[in-house]
>>> print(open('upload17.txt').read())   # compact mmCIF, C-alpha atoms and all ligand atoms
# COMPACT_ATOMS: atom_id res chain seq x y z
CA MET J 986 -12.41 -45.94 -61.26
CA GLU J 987 -15.33 -48.25 -61.77
CA GLU J 988 -18.32 -47.48 -59.55
CA PRO J 989 -19.28 -50.43 -57.38
CA THR J 990 -22.76 -51.70 -58.19
CA ASN J 991 -25.27 -52.38 -55.49
CA SER J 992 -28.47 -54.29 -56.12
CA PHE J 993 -29.62 -53.62 -52.57
CA PRO J 994 -29.85 -49.83 -52.53
CA GLU J 995 -31.27 -49.66 -49.00
CA ILE J 996 -27.96 -51.00 -47.70
CA ILE J 997 -25.25 -48.38 -47.76
CA GLY J 998 -21.68 -49.52 -48.24
CA THR J 999 -18.83 -49.22 -50.68
CA ASN J 1000 -16.25 -50.74 -48.37
CA GLU J 1001 -14.52 -53.76 -49.85
CA LYS J 1002 -15.89 -56.12 -47.20
CA MET J 1003 -19.40 -54.85 -47.89
CA GLN J 1004 -18.89 -55.45 -51.61
CA GLU J 1005 -18.19 -59.07 -50.72
CA VAL J 1006 -21.41 -59.13 -48.64
CA PHE J 1007 -23.36 -57.80 -51.64
CA ARG J 1008 -21.77 -60.37 -53.94
CA ILE J 1009 -22.85 -63.23 -51.69
CA MET J 1010 -26.34 -61.74 -51.27
CA GLN J 1011 -26.69 -61.46 -55.02
CA LYS J 1012 -25.80 -65.11 -55.46
CA VAL J 1013 -28.16 -66.44 -52.82
CA VAL J 1014 -31.09 -64.07 -52.98
CA ASN J 1015 -33.24 -66.40 -55.06
CA THR J 1016 -32.12 -69.72 -53.66
CA ASN J 1017 -33.85 -71.51 -50.81
CA SER J 1018 -30.64 -72.20 -48.90
CA THR J 1019 -30.52 -71.32 -45.26
CA ILE J 1020 -28.39 -68.32 -44.48
CA LEU J 1021 -26.54 -67.42 -41.32
CA ILE J 1022 -25.88 -63.73 -40.84
CA LYS J 1023 -23.10 -63.02 -38.40
CA GLY J 1024 -22.29 -59.67 -36.92
CA GLU J 1025 -21.99 -57.64 -33.75
CA THR J 1026 -24.95 -55.76 -32.38
CA GLY J 1027 -26.16 -52.93 -34.62
CA THR J 1028 -24.24 -54.01 -37.74
CA GLY J 1029 -27.34 -54.46 -39.91
CA LYS J 1030 -28.24 -58.14 -39.60
CA GLU J 1031 -31.98 -57.57 -39.73
CA LEU J 1032 -31.62 -55.05 -42.55
CA ILE J 1033 -29.78 -57.65 -44.62
CA ALA J 1034 -32.29 -60.39 -43.83
CA LYS J 1035 -35.13 -58.12 -44.96
CA ALA J 1036 -33.27 -57.10 -48.09
CA LEU J 1037 -32.79 -60.76 -49.00
CA HIS J 1038 -36.52 -61.30 -48.64
CA TYR J 1039 -37.78 -58.16 -50.38
CA HIS J 1040 -35.45 -58.61 -53.36
CA SER J 1041 -36.36 -62.28 -53.79
CA LYS J 1042 -39.21 -64.05 -55.52
CA ARG J 1043 -40.70 -64.59 -52.09
CA ARG J 1044 -41.25 -60.85 -51.63
CA ASN J 1045 -45.04 -60.99 -51.91
CA ALA J 1046 -45.31 -63.56 -49.11
CA PRO J 1047 -44.62 -62.61 -45.48
CA PHE J 1048 -41.28 -61.83 -43.86
CA ILE J 1049 -41.59 -62.95 -40.27
CA ALA J 1050 -38.94 -62.22 -37.64
CA VAL J 1051 -38.69 -63.89 -34.26
CA ASN J 1052 -36.16 -63.12 -31.58
CA CYS J 1053 -35.23 -66.45 -30.03
CA SER J 1054 -34.04 -64.89 -26.78
CA ALA J 1055 -37.23 -62.96 -26.13
CA LEU J 1056 -39.60 -65.74 -25.05
CA THR J 1057 -39.63 -68.72 -22.70
CA GLU J 1058 -39.27 -72.15 -24.31
CA THR J 1059 -43.01 -72.98 -24.06
CA LEU J 1060 -44.13 -69.66 -25.45
CA LEU J 1061 -41.56 -69.68 -28.21
CA GLU J 1062 -42.55 -73.18 -29.23
CA SER J 1063 -46.21 -72.29 -29.49
CA GLU J 1064 -45.35 -69.02 -31.27
CA LEU J 1065 -43.27 -70.85 -33.85
CA PHE J 1066 -45.30 -74.01 -34.35
CA GLY J 1067 -48.77 -73.15 -33.10
CA HIS J 1068 -50.78 -75.40 -30.81
CA ILE J 1069 -54.01 -77.30 -30.59
CA LYS J 1070 -56.69 -76.47 -28.06
CA GLY J 1071 -55.86 -77.64 -24.54
CA SER J 1072 -52.28 -78.65 -25.35
CA PHE J 1073 -51.01 -76.64 -22.36
CA THR J 1074 -52.43 -74.32 -19.70
CA GLY J 1075 -53.52 -71.21 -21.51
CA ALA J 1076 -54.00 -72.88 -24.87
CA VAL J 1077 -57.72 -72.19 -24.94
CA VAL J 1078 -58.11 -72.00 -28.68
CA GLU J 1079 -56.28 -73.63 -31.57
CA LYS J 1080 -53.52 -71.41 -32.91
CA LYS J 1081 -51.55 -71.31 -36.12
CA GLY J 1082 -47.81 -70.84 -35.60
CA LEU J 1083 -45.53 -68.32 -37.25
CA PHE J 1084 -43.89 -70.93 -39.49
CA GLU J 1085 -47.29 -71.59 -41.04
CA ALA J 1086 -47.98 -67.88 -41.27
CA ALA J 1087 -44.69 -67.40 -43.13
CA ASP J 1088 -45.57 -70.04 -45.74
CA LYS J 1089 -44.00 -69.18 -49.13
CA GLY J 1090 -42.11 -66.38 -47.43
CA THR J 1091 -39.02 -65.90 -45.29
CA PHE J 1092 -38.52 -66.72 -41.65
CA PHE J 1093 -35.93 -64.71 -39.74
CA LEU J 1094 -34.61 -66.36 -36.58
CA ASP J 1095 -32.80 -63.64 -34.69
CA GLU J 1096 -30.31 -64.53 -31.93
CA VAL J 1097 -30.52 -68.15 -32.97
CA SER J 1098 -27.83 -69.20 -30.46
CA GLU J 1099 -30.37 -68.64 -27.68
CA ILE J 1100 -32.76 -71.34 -28.84
CA SER J 1101 -33.26 -74.19 -26.33
CA PRO J 1102 -32.14 -77.79 -27.03
CA GLY J 1103 -35.75 -78.99 -27.34
CA LEU J 1104 -36.60 -76.39 -29.92
CA GLN J 1105 -33.32 -76.98 -31.74
CA ALA J 1106 -34.51 -80.51 -32.51
CA LYS J 1107 -37.81 -79.21 -33.84
CA LEU J 1108 -36.12 -76.58 -35.91
CA LEU J 1109 -33.90 -79.24 -37.43
CA ARG J 1110 -37.06 -81.02 -38.61
CA VAL J 1111 -38.30 -77.89 -40.31
CA LEU J 1112 -34.99 -77.61 -42.10
CA GLN J 1113 -34.63 -81.26 -43.02
CA GLU J 1114 -38.17 -82.19 -43.87
CA GLY J 1115 -40.02 -78.92 -44.36
CA THR J 1116 -42.67 -79.95 -41.85
CA ILE J 1117 -43.87 -78.73 -38.49
CA LYS J 1118 -46.15 -80.12 -35.81
CA ARG J 1119 -48.42 -77.89 -33.77
CA VAL J 1120 -47.87 -78.35 -30.02
CA GLY J 1121 -50.09 -81.24 -28.90
CA ALA J 1122 -50.87 -82.36 -32.47
CA THR J 1123 -49.87 -85.58 -34.16
CA GLN J 1124 -50.25 -84.50 -37.74
CA ASP J 1125 -47.38 -82.98 -39.73
CA ILE J 1126 -47.98 -79.81 -41.68
CA ASN J 1127 -45.88 -78.89 -44.71
CA VAL J 1128 -44.38 -75.43 -44.76
CA ASP J 1129 -42.43 -73.73 -47.49
CA VAL J 1130 -40.23 -71.19 -45.76
CA ARG J 1131 -36.81 -69.85 -46.41
CA ILE J 1132 -34.89 -69.55 -43.17
CA ILE J 1133 -32.44 -66.80 -42.41
CA ALA J 1134 -30.80 -66.90 -39.01
CA ALA J 1135 -28.70 -64.29 -37.27
CA THR J 1136 -26.27 -64.37 -34.40
CA ASN J 1137 -23.91 -62.01 -32.62
CA ARG J 1138 -22.19 -64.97 -31.00
CA ILE J 1139 -19.63 -67.32 -32.49
CA LEU J 1140 -21.93 -70.30 -33.08
CA GLU J 1141 -18.96 -72.67 -33.55
CA LYS J 1142 -18.05 -71.98 -29.92
CA GLU J 1143 -21.57 -72.82 -28.78
CA VAL J 1144 -21.28 -76.10 -30.69
CA GLU J 1145 -17.97 -76.85 -28.96
CA ARG J 1146 -19.53 -76.05 -25.58
CA GLY J 1147 -22.44 -78.36 -26.36
CA THR J 1148 -25.15 -75.69 -26.15
CA PHE J 1149 -25.89 -75.73 -29.88
CA ARG J 1150 -26.49 -78.91 -31.88
CA ARG J 1151 -23.79 -79.64 -34.41
CA ASP J 1152 -26.25 -81.07 -36.98
CA LEU J 1153 -28.39 -77.94 -36.70
CA PHE J 1154 -25.33 -75.76 -37.00
CA TYR J 1155 -24.38 -77.38 -40.30
CA ARG J 1156 -27.94 -77.03 -41.57
CA ILE J 1157 -28.09 -73.36 -40.64
CA CYS J 1158 -24.77 -72.15 -41.90
CA VAL J 1159 -25.06 -73.41 -45.46
CA ILE J 1160 -24.24 -69.88 -46.55
CA GLU J 1161 -22.60 -67.44 -44.18
CA VAL J 1162 -22.78 -63.70 -44.46
CA GLY J 1163 -20.35 -61.96 -42.12
CA ILE J 1164 -20.97 -58.26 -41.58
CA PRO J 1165 -17.91 -56.33 -40.44
CA PRO J 1166 -18.20 -54.04 -37.41
CA LEU J 1167 -18.26 -50.34 -38.24
CA ARG J 1168 -14.73 -49.79 -36.86
CA ASP J 1169 -13.47 -52.13 -39.61
CA LYS J 1170 -15.19 -50.22 -42.42
CA LYS J 1171 -14.55 -46.65 -41.45
CA ASP J 1172 -14.39 -45.63 -45.13
CA ASP J 1173 -18.20 -46.10 -45.15
CA ILE J 1174 -18.78 -43.64 -42.29
CA PRO J 1175 -19.13 -40.47 -44.44
CA LEU J 1176 -21.67 -42.17 -46.73
CA LEU J 1177 -23.63 -43.64 -43.84
CA ALA J 1178 -23.61 -40.31 -42.03
CA GLU J 1179 -24.97 -38.54 -45.13
CA HIS J 1180 -27.61 -41.25 -45.51
CA PHE J 1181 -28.87 -40.84 -41.95
CA LEU J 1182 -28.56 -37.06 -42.21
CA SER J 1183 -30.94 -37.04 -45.13
CA ILE J 1184 -33.38 -39.38 -43.35
CA TYR J 1185 -33.44 -37.37 -40.13
CA THR J 1186 -33.49 -33.89 -41.64
CA GLN J 1187 -36.58 -35.03 -43.55
CA LYS J 1188 -38.19 -36.61 -40.50
CA ASN J 1189 -37.63 -33.45 -38.47
CA ASP J 1190 -38.57 -30.97 -41.22
CA LYS J 1191 -35.08 -29.52 -41.18
CA GLU J 1192 -34.09 -29.97 -44.84
CA LYS J 1193 -34.00 -26.21 -45.29
CA THR J 1194 -32.13 -25.50 -42.03
CA ILE J 1195 -29.39 -28.11 -42.32
CA LYS J 1196 -27.28 -28.18 -45.47
CA GLY J 1197 -24.79 -30.88 -44.49
CA MET J 1198 -21.92 -31.80 -42.21
CA ALA J 1199 -18.90 -29.69 -41.46
CA PRO J 1200 -15.66 -31.52 -42.43
CA ASP J 1201 -14.57 -31.42 -38.81
CA THR J 1202 -17.68 -33.31 -37.76
CA ILE J 1203 -16.97 -36.14 -40.19
CA LYS J 1204 -13.44 -36.35 -38.81
CA TYR J 1205 -14.76 -36.95 -35.30
CA LEU J 1206 -17.18 -39.56 -36.59
CA ILE J 1207 -14.35 -41.40 -38.34
CA GLU J 1208 -12.10 -41.33 -35.30
CA TYR J 1209 -14.65 -42.76 -32.89
CA ASP J 1210 -14.74 -46.53 -32.36
CA TRP J 1211 -18.53 -47.23 -32.55
CA PRO J 1212 -19.07 -50.14 -30.13
CA GLY J 1213 -22.79 -49.99 -30.99
CA ASN J 1214 -21.96 -49.99 -34.71
CA ILE J 1215 -24.33 -48.54 -37.31
CA ARG J 1216 -27.25 -48.27 -34.91
CA GLU J 1217 -25.13 -46.09 -32.64
CA LEU J 1218 -24.11 -43.90 -35.61
CA GLU J 1219 -27.75 -43.59 -36.65
CA HIS J 1220 -28.76 -42.43 -33.16
CA GLU J 1221 -25.86 -39.99 -33.05
CA ILE J 1222 -26.93 -38.37 -36.33
CA GLU J 1223 -30.56 -38.25 -35.25
CA ARG J 1224 -29.52 -36.47 -32.08
CA ALA J 1225 -27.24 -34.04 -33.95
CA VAL J 1226 -30.02 -33.16 -36.41
CA ILE J 1227 -32.39 -32.35 -33.57
CA LEU J 1228 -29.82 -30.20 -31.74
CA SER J 1229 -28.31 -28.46 -34.77
CA GLU J 1230 -29.31 -24.91 -35.64
CA GLY J 1231 -27.70 -25.25 -39.10
CA PRO J 1232 -26.58 -24.55 -41.67
CA HIS J 1233 -24.07 -27.36 -40.96
CA ILE J 1234 -23.78 -30.04 -38.33
CA ILE J 1235 -20.79 -28.91 -36.28
CA ALA J 1236 -18.64 -30.72 -33.72
CA SER J 1237 -20.55 -29.28 -30.76
CA ASP J 1238 -23.73 -30.92 -32.07
CA LEU J 1239 -22.08 -34.29 -31.43
CA SER J 1240 -22.19 -35.98 -28.05
CA GLU J 1241 -19.29 -35.69 -25.67
CA LYS J 1242 -18.14 -39.30 -26.13
CA ILE J 1243 -17.54 -38.72 -29.85
CA ARG J 1244 -15.66 -35.50 -29.35
CA THR J 1245 -13.44 -37.01 -26.65
CA GLY J 1246 -12.85 -40.20 -28.60
CA GLY J 1247 -15.13 -42.14 -26.31
CA ILE J 1248 -13.12 -42.90 -23.23
CA ASN J 1249 -10.02 -40.72 -23.39
CA LEU J 1250 -8.86 -39.57 -20.02
CA LYS J 1251 -7.30 -36.28 -19.14
CA LEU J 1252 -3.90 -36.31 -17.47
CA GLU J 1253 -5.14 -34.39 -14.45
CA GLU J 1254 -7.73 -37.08 -13.78
CA ILE J 1255 -5.16 -39.84 -13.51
CA LYS J 1256 -2.05 -38.18 -12.15
CA ASP J 1257 -2.54 -39.29 -8.52
CA LYS J 1258 -3.77 -42.78 -9.35
CA THR J 1259 -2.16 -46.19 -9.57
CA LEU J 1260 -2.59 -48.21 -12.78
CA LYS J 1261 -5.39 -50.16 -11.09
CA GLY J 1262 -7.18 -46.92 -10.29
CA VAL J 1263 -6.85 -45.72 -13.89
CA VAL J 1264 -8.11 -49.03 -15.23
CA GLU J 1265 -11.11 -48.71 -12.95
CA ILE J 1266 -11.90 -45.27 -14.31
CA TYR J 1267 -11.78 -46.71 -17.81
CA GLU J 1268 -13.86 -49.72 -16.83
CA ARG J 1269 -16.53 -47.54 -15.27
CA ARG J 1270 -16.71 -45.41 -18.41
CA ILE J 1271 -16.88 -48.36 -20.73
CA LEU J 1272 -19.69 -49.90 -18.70
CA THR J 1273 -21.65 -46.67 -18.44
CA GLU J 1274 -21.29 -46.09 -22.14
CA ILE J 1275 -22.34 -49.54 -23.30
CA LEU J 1276 -25.17 -49.89 -20.80
CA PHE J 1277 -26.53 -46.59 -22.06
CA GLU J 1278 -26.06 -47.49 -25.71
CA LEU J 1279 -27.86 -50.83 -25.31
CA LYS J 1280 -30.61 -49.33 -23.15
CA TRP J 1281 -29.59 -51.38 -20.11
CA ASN J 1282 -30.32 -54.68 -21.85
CA LYS J 1283 -27.91 -56.54 -19.61
CA SER J 1284 -27.79 -59.77 -21.57
CA LYS J 1285 -26.78 -57.82 -24.70
CA VAL J 1286 -24.23 -55.79 -22.75
CA ALA J 1287 -22.72 -58.93 -21.22
CA LYS J 1288 -22.49 -60.46 -24.71
CA VAL J 1289 -20.85 -57.41 -26.23
CA LEU J 1290 -18.30 -57.34 -23.41
CA GLY J 1291 -17.78 -61.10 -23.51
CA ILE J 1292 -18.52 -61.52 -19.80
CA SER J 1293 -21.25 -63.38 -17.93
CA ARG J 1294 -24.34 -61.58 -16.69
CA GLN J 1295 -23.25 -62.35 -13.17
CA ALA J 1296 -19.90 -60.69 -13.73
CA LEU J 1297 -21.70 -57.71 -15.24
CA ASN J 1298 -24.02 -57.42 -12.24
CA LYS J 1299 -21.04 -57.45 -9.90
CA LYS J 1300 -19.43 -54.62 -11.81
CA VAL J 1301 -22.65 -52.60 -11.92
CA GLU J 1302 -22.79 -52.95 -8.15
CA LYS J 1303 -19.12 -52.16 -7.66
CA TYR J 1304 -19.34 -48.92 -9.62
CA ASP J 1305 -22.78 -48.10 -8.26
CA LEU J 1306 -24.19 -47.66 -11.78
CA ASP J 1307 -27.82 -47.03 -12.55
CA ARG J 1308 -29.80 -45.66 -15.47
CA ARG J 1309 -28.97 -42.13 -14.43
CA SER J 1310 -25.21 -42.67 -14.26
CA ARG J 1311 -23.38 -39.89 -16.01
CA ARG J 1312 -21.64 -40.74 -19.29
CA GLY J 1313 -18.32 -39.48 -20.63
N1 LIG J 1401 -25.33 -50.74 -44.33
C1 LIG J 1401 -26.36 -50.04 -43.81
N2 LIG J 1401 -26.92 -49.03 -44.52
C2 LIG J 1401 -27.94 -48.31 -44.01
N3 LIG J 1401 -28.48 -48.51 -42.82
C3 LIG J 1401 -27.97 -49.49 -42.06
C4 LIG J 1401 -26.90 -50.31 -42.52
N4 LIG J 1401 -26.62 -51.24 -41.58
C5 LIG J 1401 -27.47 -51.01 -40.56
N5 LIG J 1401 -28.29 -49.96 -40.84
C6 LIG J 1401 -29.32 -49.41 -39.94
O1 LIG J 1401 -28.82 -49.51 -38.62
C7 LIG J 1401 -29.84 -49.90 -37.70
C8 LIG J 1401 -29.45 -51.20 -37.02
O2 LIG J 1401 -29.50 -52.28 -37.97
P1 LIG J 1401 -30.13 -53.71 -37.63
O3 LIG J 1401 -31.29 -53.57 -36.71
O4 LIG J 1401 -30.34 -54.43 -38.90
O5 LIG J 1401 -28.89 -54.32 -36.81
P2 LIG J 1401 -28.74 -55.75 -36.11
O6 LIG J 1401 -27.43 -56.30 -36.54
O7 LIG J 1401 -29.96 -56.56 -36.35
O8 LIG J 1401 -28.62 -55.33 -34.58
P3 LIG J 1401 -28.93 -56.23 -33.24
O9 LIG J 1401 -27.87 -57.29 -33.16
O10 LIG J 1401 -28.74 -55.24 -32.14
O11 LIG J 1401 -30.31 -56.75 -33.37
C9 LIG J 1401 -31.11 -50.01 -38.51
O12 LIG J 1401 -31.83 -48.80 -38.43
C10 LIG J 1401 -30.61 -50.24 -39.94
O13 LIG J 1401 -31.51 -49.79 -40.90
MG MG J 1402 -31.36 -57.32 -34.95
>>> encode(input="upload17.txt", output="structure tokens")
Amino acid sequence: MEEPTNSFPEIIGTNEKMQEVFRIMQKVVNTNSTILIKGETGTGKELIAKALHYHSKRRNAPFIAVNCSALTETLLESELFGHIKGSFTGAVVEKKGLFEAADKGTFFLDEVSEISPGLQAKLLRVLQEGTIKRVGATQDINVDVRIIAATNRILEKEVERGTFRRDLFYRICVIEVGIPPLRDKKDDIPLLAEHFLSIYTQKNDKEKTIKGMAPDTIKYLIEYDWPGNIRELEHEIERAVILSEGPHIIASDLSEKIRTGGINLKLEEIKDKTLKGVVEIYERRILTEILFELKWNKSKVAKVLGISRQALNKKVEKYDLDRRSRRG
């Protein structure tokens, strides 16, 4: 069989869907087209954005990443575009924005669906005309940046709902790169696990102690569903490396959720319960698990679960969950 080629060696993947991702990346790496990377949390969106930059002709100029959900509208605007002195309270000195700082390089707009309507209009100008205006300034400044955006939401839906401008949407998704969730590329799990094993045995000075994974361990990793995707797998391997006494990573080095298939229930736990009661047990476990995995970042958790933050808060209250809630 022909070995698949990969021009982005830092990205592990031989799965067919990943081969398609690599093919698209290869075609667009040296163009200036805007790219939209779509994928669930932890699937490797930032890794791919960086790879596109560092394998392109722009590699010697900056790669600048901004998370659009992390700042208020005013702060984000001045971060992105800069400001002149006195343009708003707190603007005591003139400041260059990140778009200017990224000149000749790549600009990564993470969680682009979260950007406010006002900033969407300004972003559209960057994309259409290649110019920005510092907050409070009248003069346009030319910038040469390649924009890569990422989202874990279905942007089309945000367009339908009216929260994301249609014209901006078309500008952003010139090229789409869809990264499959880990549960849809389970054939990559052994490779990824080996990759992280080698990283974390090195980091923890355990290359001599740990020789590899027991076949049983890999089986558990393949069976688990990975709601937190590759990031969750990476953390699991890191943890196993730290706990393992060698010479192989064995099943008991894995966390309980992996060995029990995440949320499996035992018959004795459910035998006296109604269906509603059983569903509640499941719901509590799912919530505990995902809240833990996403470090209690409630907006991320709500997104992953496809519910509103309000609904999430109600459930957290109902099940009396807090950071110490027991998993598994
Ligand atoms: N195909 C891959 N090969 C090797 N490492 C990977 C791969 N995909 C992701 N990773 C690693 O998994 C971790 C999570 O990836 P990354 O931060 O790029 O995900 P993300 O999609 O941006 O997540 P989020 O939506 O939560 O921001 C990183 O440490 C990254 O290096
Ligand atoms: Mg990310």
>>> atom_distance(input="upload17.txt", atom1="CA of Gln1124 in chain J", atom2="CA of Leu1108 in chain J")
16.3 Å
>>> closest_residue(input="upload17.txt", among="J:Gly1071, J:Gly1103, J:Pro1166, J:Gly1029", to="ligand MG 1402 (chain J)", atoms="all atoms listed in the file")
J:Gly1029
>>> closest_residue(input="upload17.txt", among="J:Pro1232, J:Pro1200, J:Pro1047, J:Pro1165", to="ligand LIG 1401 (chain J)", atoms="all atoms listed in the file")
J:Pro1165
>>> closest_atom_pairs(input="upload17.txt", of="chain J", to="ligand LIG 1401 (chain J)", cutoff="7 Å", atoms="all atoms listed in the file", output="JSON lines")
{"residue": "J:Glu995", "atom": "CA", "partner": "J:LIG1401", "partner_atom": "C2", "distance": 6.1}
{"residue": "J:Ile996", "atom": "CA", "partner": "J:LIG1401", "partner_atom": "N2", "distance": 3.9}
{"residue": "J:Ile997", "atom": "CA", "partner": "J:LIG1401", "partner_atom": "N2", "distance": 3.7}
{"residue": "J:Gly998", "atom": "CA", "partner": "J:LIG1401", "partner_atom": "N1", "distance": 5.5}
{"residue": "J:Gly1024", "atom": "CA", "partner": "J:LIG1401", "partner_atom": "O6", "distance": 6.2}
{"residue": "J:Glu1025", "atom": "CA", "partner": "J:LIG1401", "partner_atom": "O9", "distance": 5.9}
{"residue": "J:Thr1026", "atom": "CA", "partner": "J:LIG1401", "partner_atom": "O9", "distance": 3.4}
{"residue": "J:Gly1027", "atom": "CA", "partner": "J:LIG1401", "partner_atom": "O8", "distance": 3.4}
{"residue": "J:Thr1028", "atom": "CA", "partner": "J:LIG1401", "partner_atom": "O6", "distance": 4.1}
{"residue": "J:Gly1029", "atom": "CA", "partner": "J:LIG1401", "partner_atom": "O4", "distance": 3.2}
{"residue": "J:Lys1030", "atom": "CA", "partner": "J:LIG1401", "partner_atom": "O6", "distance": 3.7}
{"residue": "J:Glu1031", "atom": "CA", "partner": "J:LIG1401", "partner_atom": "O4", "distance": 3.6}
{"residue": "J:Leu1032", "atom": "CA", "partner": "J:LIG1401", "partner_atom": "O4", "distance": 3.9}
{"residue": "J:Ile1033", "atom": "CA", "partner": "J:LIG1401", "partner_atom": "O4", "distance": 6.6}
{"residue": "J:Asn1137", "atom": "CA", "partner": "J:LIG1401", "partner_atom": "O9", "distance": 6.2}
{"residue": "J:Leu1177", "atom": "CA", "partner": "J:LIG1401", "partner_atom": "N2", "distance": 6.4}
{"residue": "J:Ile1215", "atom": "CA", "partner": "J:LIG1401", "partner_atom": "O1", "distance": 4.8}
{"residue": "J:Arg1216", "atom": "CA", "partner": "J:LIG1401", "partner_atom": "C7", "distance": 4.1}
{"residue": "J:Glu1219", "atom": "CA", "partner": "J:LIG1401", "partner_atom": "O1", "distance": 6.3}
>>> closest_residue(input="upload17.txt", among="J:Val1286, J:Ile1132, J:Leu1140, J:Leu1109", to="Ala1050 in chain J", atoms="all atoms listed in the file")
J:Ile1132
>>> closest_residue(input="upload17.txt", among="J:Ile1203, J:Val1013, J:Leu1061, J:Val1097", to="Phe1149 in chain J", atoms="all atoms listed in the file")
J:Val1097
>>> residues_around(input="upload17.txt", residues="Val1264 in chain J", least_positions_apart="6", cutoff="10 Å", atoms="only C-alpha atoms", output="list in words")
Ile1255, Lys1258 and Arg1270 of chain J
>>> residues_around(input="upload17.txt", residues="Val1301 in chain J", least_positions_apart="3", cutoff="10 Å", atoms="only C-alpha atoms", output="list in words")
Arg1269, Leu1272, Thr1273, Leu1276, Gln1295, Ala1296, Leu1297, Asn1298, Tyr1304, Asp1305, Leu1306 and Asp1307 of chain J
>>> axis_aligned_box(input="upload17.txt", around="range 1013-1028 of chain J", padding_each_side="5 Å", output="AutoDock Vina command-line options")
--center_x -27.9 --center_y -62.6 --center_z -43.7 --size_x 21.9 --size_y 29.3 --size_z 32.7
>>> closest_residue(input="upload17.txt", among="J:Ile1160, J:Ala1034, J:Ile1009, J:Ile1227", to="ligand MG 1402 (chain J)", atoms="all atoms listed in the file")
J:Ala1034
